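Some notes on the structure that comes next.
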Amino acid sequence: MPTSPEHPRADFSLVFPPDPNWVRTAREAVRTALHTANRPDLADTALLLTSEAVTNAVTACRRSGCAAPVTLYAEWAALGTLRVLVTDDAPGMPSPRALTRAETEAENGRGLFLIDNCATEWGVCHHGPGPGKAVWFQVGGAGS
């Protein structure tokens with residue numbers, strides 16, 4: 001089947017240790033998927049949100065002492081929508097919070113704020129029998 005906005009290619013998963021050095025690798029994997037699907041129009045948003053979601057997962061694992069791997073899944077949904085899901089086994093459910101003006105310009109602590117404001121859709125859910133969770137977001141789709 002040819003690559004098109006309705007049927008792009010390059011669904012994948014990436015499993016890596018909860019180490020901040022892997023954030024770049026996760027971002028580059030999403031960049032490759034976007035390139036393969038000929039969707040450079042989604043790159044800025046998808047790469048920013050991937051960085052934020054993976055950084056949050058790695059940070060949560062490191063703070064809780066969780067050594068289980070982080071997993072990133074990327075898949076193409078209907079109408080050229082890219083869905084990215086990042087899972088970790090750290091306890092606790094993240095939630096966005098209102099940020100002060102100074103916090104919106106800070107280097108840290110804006111992950112879910114950015115995901116909430118830039119993704120077409122997003123959410124957080126539990127996965128598996130343990131304390132883990134998944135943060136997912138979508139970018140693109142009809143009209144993008």
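In the structure tokens, each chain is lettered A, B, ... as it comes, each chain's residues begin at 1, and ligands are numbered from 1 in order of appearance.
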
Residue contacts of Pro94 in chain A (10 Å, only C-alpha atoms) excluding same-chain residues fewer than 5 positions away, as a ChimeraX atom specification: /A:56-57,60,111-112,123-125,133-135

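When only C-alpha atoms are used to compute distances to Asn117 in chain A, the closest of the residues A:Pro131, A:Ala78, A:Leu49, A:Ala33 turns out to be A:Leu49.
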
List the neighbours of Thr120 in chain A out to 9 Å using only C-alpha atoms; skip same-chain residues closer than 6 positions along the sequence, and give me the result as a PyMOL selection string. chain A and resi 81+137-141

Selected residue, from A:Ala43, A:Gly128, A:Val86, A:Asn38, that lies nearest to Leu72 in chain A when counting only C-alpha atoms: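 Once distances to Leu72 in chain A are computed over only C-alpha atoms, the minimum belongs to A:Val86.
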
Two-atom distance - CA of Cys61 in chain A, CA of Ala90 in chain A (Å): 5.0 Å

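The two atoms in question, CA of Asp88 in chain A and CA of Pro69 in chain A, are spaced 6.8 Å apart.
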
Select, from A:Met93, A:Thr71, A:His127, A:Leu85, the residue with the minimum atom-to-atom distance to Ala46 in chain A, counting only C-alpha atoms. A:Leu85

Running DSSP on the backbone, which parts of range 7-135 of chain A land in alpha helix (DSSP H), as a PyMOL selection string? chain A and resi 22-36+43-64+101-104+111-118

Which is closer to Cys66 in chain A than all the others in A:Asp41, A:Thr36, A:Arg24, A:Gly132, using only C-alpha atoms?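 Closest candidate: A:Gly132.
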
Ranking A:Val23, A:Ala29, A:Leu42, A:Leu114 by minimum distance to Val70 in chain A and counting only C-alpha atoms, which one comes first? A:Val23

Restricting to only C-alpha atoms, whichever of A:Asp89, A:Glu121, A:Glu28, A:Asp116 is closest to Leu14 in chain A is A:Glu28

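Taking CA of Thr59 in chain A and CA of Pro129 in chain A as endpoints, the distance between them is 21.2 Å.
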